[in-house]
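*Asks:* Please see the structure below; I have some questions.
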Amino acid sequence: MDKFSAMQAFVRVVEAGTFTKAADSMGMPKPTVTRLIQTLEQSLDTKLLNRTTRKVTVTADGAAYYERAGRLLGEMEELESSMSRAKASPRGRLKVDIPSSLGMAVVIPALPDFYARYPDIQLELGVSDRPIDILAENVDCVIRGGEITDQSLVARRIGEFYLMSCASPAYLKRHGTPQHPQELAHGHRLIRYVSPRDGKLYGVTLHKDGESVEVEGYHQLSVNDSNAGVAAALAGLGILQTVTFLVQQHISSGALEPLFNGWCSAAKPIHVVYPPNRHLSNKVRVFVDWIADLFARHDLIQRKSSLPGRAARAQPVAEALAE
């Protein structure tokens, strides 16, 4: 028996939750994965997994074995990387998932800098607002906004973001320009954002000088993707509450107008998250360090105030990185 392959198969089955998903992620036939697990259990003379027709659960012995096996596999990957000079030039496939807003506005425009530093890393970038299972889908790390509730994952805070209100000049010409967030409840149309996970409307509370107002009003349109919300605002479909960095270009060009000067949401954290057994990988480490540095230097990730007017020219990320 190839005990190393069997150990890898066991870890993937535990993380994926099913033999089928584990086999797909490893590029193996399902019977091969099943046979590896059975042989591993026989060699250890212990039952590692409880199997039913619907799911696979880990036994007490299996949980202990998974923790040690995951750590050992991480150390083996680190050893192989260091022996192949990956510490100087990390290489290999890196699977990352990011929200569409951060991906389109911040991360993807900065990738030329990443590839200039790490030309041998092959990024598989998932860009969407859909919720993912980082373990089951075999993702190396994800970037997420908001608090992290899963304590089994490693989370590093790399920035924060704010929500602001904006609308197109055409919409404001038709419906008037509100001067206070409370006016949104009377005669205005909102573009609301719904959770991709459960379809519930997200609430937005804006703050200024100790005053807080929960945004309320009639919405004719709701979307589950941040970029779709911006597209709707550009089309004049309503007033949008969205992240500041996502509308910087449109406000600078005059395609959107900022509303309620000085009003914005409370700061919401941005984390890069990864499974505990991935933290030793050089390719994960360099990406996490790179993305943390990118966010630390990106003006609108850190800034609380409203965006500049049309005349102000925001510094492109590529210029900031070149300084």
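Every chain in the structure tokens has a letter given in the order shown (A, B, ...), and although residue numbers restart at 1 in each chain, ligands are simply numbered from 1 in the order shown.
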Produce a table with one row for each residue of segment 214-293 of chain A that has an atom at most 9 Å from any atom of segment 92-96 of chain A, each row naming the nearest atom pair and its distance in Å at one decimal; use only C-alpha atoms; arrange rows by chain and rising residue number; format as a tab-separated table.
*Replies:*
```
residue	atom	partner	partner_atom	distance
A:Lys283	CA	A:Leu94	CA	7.0
A:Val284	CA	A:Leu94	CA	7.2
A:Phe287	CA	A:Leu94	CA	8.9
```
*Asks:* Skip segment 218-235 of chain A itself and residues of its chain fewer than 2 positions away, then list as a list in words all residues within 8 Å of it, counting only C-alpha atoms.
*Replies:*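 The residues that qualify are Ser100, Ser101, Ser128, Asp129, Cys166, Ala167, Ser168, Ala185, His188, Arg189, Leu190, Ile191, Arg192, Tyr193, Val194, Ser195, Pro196, Gly199, Glu216, Leu237, Gly238, Ile239, Leu240, Thr242, Leu246, Val247, Ala255 and Leu256 of chain A.
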*Asks:* Would you please extract all alpha helix (DSSP H) residues from segment 224-265 of chain A, as assigned by DSSP on the backbone, and give them as a PDB file with all heavy atoms, in the first residue's frame?
*Replies:*
```pdb
ATOM      1  N   SER A 226     -22.460  42.283  -6.167  1.00  0.00           N
ATOM      2  CA  SER A 226     -22.135  43.703  -5.993  1.00  0.00           C
ATOM      3  C   SER A 226     -21.985  44.429  -7.315  1.00  0.00           C
ATOM      4  O   SER A 226     -22.422  45.571  -7.472  1.00  0.00           O
ATOM      5  CB  SER A 226     -20.852  43.841  -5.166  1.00  0.00           C
ATOM      6  OG  SER A 226     -20.997  43.237  -3.913  1.00  0.00           O
ATOM      7  N   ASN A 227     -21.347  43.791  -8.280  1.00  0.00           N
ATOM      8  CA  ASN A 227     -21.158  44.436  -9.578  1.00  0.00           C
ATOM      9  C   ASN A 227     -22.486  44.645 -10.302  1.00  0.00           C
ATOM     10  O   ASN A 227     -22.663  45.630 -11.023  1.00  0.00           O
ATOM     11  CB  ASN A 227     -20.211  43.600 -10.448  1.00  0.00           C
ATOM     12  CG  ASN A 227     -18.787  43.639  -9.926  1.00  0.00           C
ATOM     13  OD1 ASN A 227     -18.182  44.695  -9.804  1.00  0.00           O
ATOM     14  ND2 ASN A 227     -18.244  42.473  -9.599  1.00  0.00           N
ATOM     15  N   ALA A 228     -23.425  43.723 -10.096  1.00  0.00           N
ATOM     16  CA  ALA A 228     -24.757  43.897 -10.680  1.00  0.00           C
ATOM     17  C   ALA A 228     -25.448  45.117 -10.078  1.00  0.00           C
ATOM     18  O   ALA A 228     -26.155  45.857 -10.770  1.00  0.00           O
ATOM     19  CB  ALA A 228     -25.599  42.645 -10.463  1.00  0.00           C
ATOM     20  N   GLY A 229     -25.241  45.342  -8.786  1.00  0.00           N
ATOM     21  CA  GLY A 229     -25.811  46.526  -8.149  1.00  0.00           C
ATOM     22  C   GLY A 229     -25.266  47.807  -8.737  1.00  0.00           C
ATOM     23  O   GLY A 229     -26.014  48.769  -8.967  1.00  0.00           O
ATOM     24  N   VAL A 230     -23.959  47.845  -8.993  1.00  0.00           N
ATOM     25  CA  VAL A 230     -23.359  49.028  -9.608  1.00  0.00           C
ATOM     26  C   VAL A 230     -23.915  49.243 -11.004  1.00  0.00           C
ATOM     27  O   VAL A 230     -24.231  50.369 -11.407  1.00  0.00           O
ATOM     28  CB  VAL A 230     -21.825  48.899  -9.639  1.00  0.00           C
ATOM     29  CG1 VAL A 230     -21.201  50.063 -10.400  1.00  0.00           C
ATOM     30  CG2 VAL A 230     -21.271  48.841  -8.220  1.00  0.00           C
ATOM     31  N   ALA A 231     -24.050  48.158 -11.771  1.00  0.00           N
ATOM     32  CA  ALA A 231     -24.610  48.266 -13.124  1.00  0.00           C
ATOM     33  C   ALA A 231     -26.025  48.825 -13.078  1.00  0.00           C
ATOM     34  O   ALA A 231     -26.418  49.647 -13.918  1.00  0.00           O
ATOM     35  CB  ALA A 231     -24.595  46.905 -13.810  1.00  0.00           C
ATOM     36  N   ALA A 232     -26.806  48.404 -12.082  1.00  0.00           N
ATOM     37  CA  ALA A 232     -28.176  48.908 -11.938  1.00  0.00           C
ATOM     38  C   ALA A 232     -28.179  50.389 -11.596  1.00  0.00           C
ATOM     39  O   ALA A 232     -29.007  51.160 -12.108  1.00  0.00           O
ATOM     40  CB  ALA A 232     -28.913  48.106 -10.868  1.00  0.00           C
ATOM     41  N   ALA A 233     -27.265  50.811 -10.733  1.00  0.00           N
ATOM     42  CA  ALA A 233     -27.178  52.227 -10.388  1.00  0.00           C
ATOM     43  C   ALA A 233     -26.780  53.056 -11.602  1.00  0.00           C
ATOM     44  O   ALA A 233     -27.324  54.140 -11.842  1.00  0.00           O
ATOM     45  CB  ALA A 233     -26.176  52.433  -9.245  1.00  0.00           C
ATOM     46  N   LEU A 234     -25.832  52.560 -12.385  1.00  0.00           N
ATOM     47  CA  LEU A 234     -25.418  53.274 -13.597  1.00  0.00           C
ATOM     48  C   LEU A 234     -26.568  53.407 -14.594  1.00  0.00           C
ATOM     49  O   LEU A 234     -26.640  54.373 -15.355  1.00  0.00           O
ATOM     50  CB  LEU A 234     -24.244  52.539 -14.251  1.00  0.00           C
ATOM     51  CG  LEU A 234     -22.905  52.606 -13.498  1.00  0.00           C
ATOM     52  CD1 LEU A 234     -21.914  51.619 -14.106  1.00  0.00           C
ATOM     53  CD2 LEU A 234     -22.336  54.025 -13.542  1.00  0.00           C
ATOM     54  N   GLN A 248     -15.465  54.004  -7.128  1.00  0.00           N
ATOM     55  CA  GLN A 248     -14.487  55.095  -7.247  1.00  0.00           C
ATOM     56  C   GLN A 248     -14.399  55.629  -8.676  1.00  0.00           C
ATOM     57  O   GLN A 248     -14.501  56.835  -8.911  1.00  0.00           O
ATOM     58  CB  GLN A 248     -13.105  54.602  -6.816  1.00  0.00           C
ATOM     59  CG  GLN A 248     -11.969  55.559  -7.158  1.00  0.00           C
ATOM     60  CD  GLN A 248     -10.612  54.981  -6.795  1.00  0.00           C
ATOM     61  OE1 GLN A 248     -10.506  54.151  -5.913  1.00  0.00           O
ATOM     62  NE2 GLN A 248      -9.584  55.432  -7.478  1.00  0.00           N
ATOM     63  N   GLN A 249     -14.216  54.735  -9.618  1.00  0.00           N
ATOM     64  CA  GLN A 249     -14.048  55.153 -11.014  1.00  0.00           C
ATOM     65  C   GLN A 249     -15.297  55.867 -11.528  1.00  0.00           C
ATOM     66  O   GLN A 249     -15.201  56.883 -12.232  1.00  0.00           O
ATOM     67  CB  GLN A 249     -13.739  53.936 -11.884  1.00  0.00           C
ATOM     68  CG  GLN A 249     -13.625  54.235 -13.371  1.00  0.00           C
ATOM     69  CD  GLN A 249     -13.378  52.966 -14.185  1.00  0.00           C
ATOM     70  OE1 GLN A 249     -13.194  51.895 -13.635  1.00  0.00           O
ATOM     71  NE2 GLN A 249     -13.393  53.101 -15.506  1.00  0.00           N
ATOM     72  N   HIS A 250     -16.459  55.357 -11.180  1.00  0.00           N
ATOM     73  CA  HIS A 250     -17.706  55.925 -11.701  1.00  0.00           C
ATOM     74  C   HIS A 250     -18.004  57.289 -11.089  1.00  0.00           C
ATOM     75  O   HIS A 250     -18.574  58.167 -11.760  1.00  0.00           O
ATOM     76  CB  HIS A 250     -18.862  54.963 -11.456  1.00  0.00           C
ATOM     77  CG  HIS A 250     -18.650  53.612 -12.062  1.00  0.00           C
ATOM     78  ND1 HIS A 250     -18.462  53.428 -13.410  1.00  0.00           N
ATOM     79  CD2 HIS A 250     -18.567  52.380 -11.496  1.00  0.00           C
ATOM     80  CE1 HIS A 250     -18.298  52.134 -13.662  1.00  0.00           C
ATOM     81  NE2 HIS A 250     -18.357  51.488 -12.523  1.00  0.00           N
ATOM     82  N   ILE A 251     -17.629  57.491  -9.834  1.00  0.00           N
ATOM     83  CA  ILE A 251     -17.829  58.798  -9.221  1.00  0.00           C
ATOM     84  C   ILE A 251     -16.829  59.802  -9.775  1.00  0.00           C
ATOM     85  O   ILE A 251     -17.159  60.956 -10.053  1.00  0.00           O
ATOM     86  CB  ILE A 251     -17.741  58.690  -7.684  1.00  0.00           C
ATOM     87  CG1 ILE A 251     -19.009  57.993  -7.162  1.00  0.00           C
ATOM     88  CG2 ILE A 251     -17.577  60.055  -7.036  1.00  0.00           C
ATOM     89  CD1 ILE A 251     -19.041  57.792  -5.674  1.00  0.00           C
ATOM     90  N   SER A 252     -15.595  59.371  -9.975  1.00  0.00           N
ATOM     91  CA  SER A 252     -14.586  60.271 -10.538  1.00  0.00           C
ATOM     92  C   SER A 252     -14.951  60.707 -11.951  1.00  0.00           C
ATOM     93  O   SER A 252     -14.668  61.831 -12.362  1.00  0.00           O
ATOM     94  CB  SER A 252     -13.216  59.586 -10.546  1.00  0.00           C
ATOM     95  OG  SER A 252     -12.777  59.323  -9.225  1.00  0.00           O
ATOM     96  N   SER A 253     -15.613  59.818 -12.702  1.00  0.00           N
ATOM     97  CA  SER A 253     -16.002  60.154 -14.075  1.00  0.00           C
ATOM     98  C   SER A 253     -17.307  60.941 -14.148  1.00  0.00           C
ATOM     99  O   SER A 253     -17.644  61.497 -15.203  1.00  0.00           O
ATOM    100  CB  SER A 253     -16.131  58.874 -14.906  1.00  0.00           C
ATOM    101  OG  SER A 253     -17.275  58.129 -14.503  1.00  0.00           O
TER     102      SER A 253
END
```
*Asks:* Identify all residues of segment 149-256 of chain A in strand (DSSP E) (DSSP on the backbone) and supply them as number ranges by chain.
*Replies:* A: 154-161, 163-167, 189-193, 205-208, 211-214, 218-223, 239-243
*Asks:* Give me a file of those residues, with N, CA and C atoms, as an mmCIF file, in the first residue's frame.
*Replies:*
```cif
data_model
loop_
_atom_site.group_PDB
_atom_site.id
_atom_site.type_symbol
_atom_site.label_atom_id
_atom_site.label_comp_id
_atom_site.auth_asym_id
_atom_site.auth_seq_id
_atom_site.Cartn_x
_atom_site.Cartn_y
_atom_site.Cartn_z
ATOM 1 N N VAL A 154 -8.235 29.448 9.913
ATOM 2 C CA VAL A 154 -7.284 30.489 10.283
ATOM 3 C C VAL A 154 -7.671 31.762 9.529
ATOM 4 N N ALA A 155 -7.834 32.867 10.229
ATOM 5 C CA ALA A 155 -8.256 34.138 9.615
ATOM 6 C C ALA A 155 -7.254 35.230 9.958
ATOM 7 N N ARG A 156 -6.823 35.960 8.943
ATOM 8 C CA ARG A 156 -5.921 37.097 9.139
ATOM 9 C C ARG A 156 -6.611 38.354 8.626
ATOM 10 N N ARG A 157 -6.785 39.315 9.493
ATOM 11 C CA ARG A 157 -7.449 40.566 9.090
ATOM 12 C C ARG A 157 -6.485 41.386 8.235
ATOM 13 N N ILE A 158 -6.944 41.773 7.048
ATOM 14 C CA ILE A 158 -6.061 42.480 6.122
ATOM 15 C C ILE A 158 -6.598 43.849 5.723
ATOM 16 N N GLY A 159 -7.737 44.246 6.248
ATOM 17 C CA GLY A 159 -8.272 45.556 5.894
ATOM 18 C C GLY A 159 -9.694 45.708 6.372
ATOM 19 N N GLU A 160 -10.333 46.751 5.925
ATOM 20 C CA GLU A 160 -11.719 47.004 6.256
ATOM 21 C C GLU A 160 -12.351 47.808 5.129
ATOM 22 N N PHE A 161 -13.674 47.798 5.087
ATOM 23 C CA PHE A 161 -14.363 48.538 4.033
ATOM 24 C C PHE A 161 -15.576 49.250 4.612
ATOM 25 N N LEU A 163 -19.504 51.250 3.463
ATOM 26 C CA LEU A 163 -20.575 51.420 2.488
ATOM 27 C C LEU A 163 -20.964 52.888 2.407
ATOM 28 N N MET A 164 -21.275 53.335 1.199
ATOM 29 C CA MET A 164 -21.750 54.703 1.003
ATOM 30 C C MET A 164 -22.924 54.673 0.032
ATOM 31 N N SER A 165 -23.599 55.794 -0.120
ATOM 32 C CA SER A 165 -24.758 55.903 -0.997
ATOM 33 C C SER A 165 -24.392 56.668 -2.261
ATOM 34 N N CYS A 166 -24.964 56.245 -3.384
ATOM 35 C CA CYS A 166 -24.722 56.948 -4.640
ATOM 36 C C CYS A 166 -25.864 56.654 -5.614
ATOM 37 N N ALA A 167 -25.943 57.457 -6.666
ATOM 38 C CA ALA A 167 -26.971 57.288 -7.696
ATOM 39 C C ALA A 167 -26.491 57.972 -8.961
ATOM 40 N N ARG A 189 -36.404 55.205 -4.906
ATOM 41 C CA ARG A 189 -36.255 53.778 -5.181
ATOM 42 C C ARG A 189 -34.836 53.353 -4.808
ATOM 43 N N LEU A 190 -34.760 52.244 -4.100
ATOM 44 C CA LEU A 190 -33.461 51.720 -3.683
ATOM 45 C C LEU A 190 -33.096 50.489 -4.513
ATOM 46 N N ILE A 191 -31.817 50.255 -4.625
ATOM 47 C CA ILE A 191 -31.300 49.002 -5.175
ATOM 48 C C ILE A 191 -30.744 48.230 -3.986
ATOM 49 N N ARG A 192 -31.365 47.113 -3.647
ATOM 50 C CA ARG A 192 -30.987 46.383 -2.443
ATOM 51 C C ARG A 192 -30.128 45.169 -2.788
ATOM 52 N N TYR A 193 -29.321 44.789 -1.820
ATOM 53 C CA TYR A 193 -28.446 43.639 -1.977
ATOM 54 C C TYR A 193 -28.974 42.505 -1.112
ATOM 55 N N THR A 205 -26.890 50.465 7.768
ATOM 56 C CA THR A 205 -27.001 51.564 8.717
ATOM 57 C C THR A 205 -25.865 52.542 8.463
ATOM 58 N N LEU A 206 -26.198 53.809 8.261
ATOM 59 C CA LEU A 206 -25.201 54.840 8.003
ATOM 60 C C LEU A 206 -24.989 55.686 9.255
ATOM 61 N N HIS A 207 -23.764 56.172 9.416
ATOM 62 C CA HIS A 207 -23.397 56.919 10.619
ATOM 63 C C HIS A 207 -22.733 58.240 10.244
ATOM 64 N N LYS A 208 -22.968 59.266 11.097
ATOM 65 C CA LYS A 208 -22.274 60.540 10.956
ATOM 66 C C LYS A 208 -22.397 61.314 12.260
ATOM 67 N N GLU A 211 -24.765 60.223 14.935
ATOM 68 C CA GLU A 211 -26.126 59.916 14.499
ATOM 69 C C GLU A 211 -26.112 58.666 13.627
ATOM 70 N N SER A 212 -27.070 57.793 13.821
ATOM 71 C CA SER A 212 -27.177 56.563 13.038
ATOM 72 C C SER A 212 -28.557 56.468 12.413
ATOM 73 N N VAL A 213 -28.595 56.089 11.136
ATOM 74 C CA VAL A 213 -29.863 55.949 10.420
ATOM 75 C C VAL A 213 -29.844 54.628 9.670
ATOM 76 N N GLU A 214 -30.860 53.804 9.924
ATOM 77 C CA GLU A 214 -31.007 52.573 9.161
ATOM 78 C C GLU A 214 -31.701 52.908 7.844
ATOM 79 N N TYR A 218 -38.464 51.963 -0.503
ATOM 80 C CA TYR A 218 -39.020 51.040 -1.500
ATOM 81 C C TYR A 218 -37.924 50.582 -2.457
ATOM 82 N N HIS A 219 -37.842 49.273 -2.670
ATOM 83 C CA HIS A 219 -36.895 48.768 -3.670
ATOM 84 C C HIS A 219 -37.650 48.015 -4.758
ATOM 85 N N GLN A 220 -37.364 48.391 -5.978
ATOM 86 C CA GLN A 220 -37.962 47.734 -7.134
ATOM 87 C C GLN A 220 -37.051 46.628 -7.662
ATOM 88 N N LEU A 221 -35.797 46.662 -7.211
ATOM 89 C CA LEU A 221 -34.797 45.711 -7.701
ATOM 90 C C LEU A 221 -33.894 45.294 -6.551
ATOM 91 N N SER A 222 -33.625 43.992 -6.467
ATOM 92 C CA SER A 222 -32.607 43.479 -5.543
ATOM 93 C C SER A 222 -31.678 42.564 -6.326
ATOM 94 N N VAL A 223 -30.409 42.524 -5.933
ATOM 95 C CA VAL A 223 -29.390 41.731 -6.635
ATOM 96 C C VAL A 223 -28.572 40.975 -5.600
ATOM 97 N N ILE A 239 -31.154 54.273 -5.967
ATOM 98 C CA ILE A 239 -30.047 54.680 -5.102
ATOM 99 C C ILE A 239 -29.433 53.420 -4.504
ATOM 100 N N LEU A 240 -28.119 53.364 -4.559
ATOM 101 C CA LEU A 240 -27.384 52.168 -4.160
ATOM 102 C C LEU A 240 -26.518 52.448 -2.944
ATOM 103 N N GLN A 241 -26.510 51.511 -1.991
ATOM 104 C CA GLN A 241 -25.529 51.521 -0.904
ATOM 105 C C GLN A 241 -24.515 50.431 -1.221
ATOM 106 N N THR A 242 -23.282 50.826 -1.431
ATOM 107 C CA THR A 242 -22.270 49.853 -1.839
ATOM 108 C C THR A 242 -20.915 50.244 -1.284
ATOM 109 N N VAL A 243 -19.934 49.363 -1.488
ATOM 110 C CA VAL A 243 -18.597 49.612 -0.960
ATOM 111 C C VAL A 243 -17.931 50.747 -1.729
#
```
*Asks:* Could you make a table, as CSV, of the residues of segment 61-136 of chain A that have an atom within 10 Å of an atom of segment 15-34 of chain A, each with its nearest atom pair and distance in Å to one decimal, counting only C-alpha atoms, in chain and number order?
*Replies:*
```
residue,atom,partner,partner_atom,distance
A:Tyr66,CA,A:Glu15,CA,9.5
A:Asp133,CA,A:Ala16,CA,8.6
A:Ile134,CA,A:Glu15,CA,8.7
A:Leu135,CA,A:Glu15,CA,4.9
A:Ala136,CA,A:Ala16,CA,3.5
```
*Asks:* Please determine, counting only C-alpha atoms, which residue among A:Arg68, A:Glu257, A:Leu125, A:Arg197 has the shortest atom-to-atom distance to Ala170 of chain A.
*Replies:*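 So, comparing all the options, the nearest one is A:Glu257.
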*Asks:* Could you tell me how far atom CA of Thr46 of chain A lies from atom CA of Arg12 of chain A, in Å and to one decimal?
*Replies:*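 Atom CA of Thr46 of chain A sits 18.5 Å away from atom CA of Arg12 of chain A.
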*Asks:* For Tyr171 of chain A, which residue among A:Gly70, A:Arg54, A:Gly236, A:Ser281 is the nearest when counting only C-alpha atoms?
*Replies:*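 Looking only at the distances to Tyr171 of chain A, the closest residue turns out to be A:Gly236.
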*Asks:* One decimal, in Å: what's the spacing between atom CA of Thr59 of chain A and atom CA of Cys141 of chain A?
*Replies:*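 About the pair atom CA of Thr59 of chain A and atom CA of Cys141 of chain A: they are 26.7 Å apart.
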*Asks:* Contacts of Thr57 of chain A at 9 Å or less, counting only C-alpha atoms, minus same-chain residues fewer than 3 places along, as a list in words?
*Replies:* Val14, Gly17, Thr18, Leu48, Leu49, Asn50, Arg51 and Thr52 of chain A
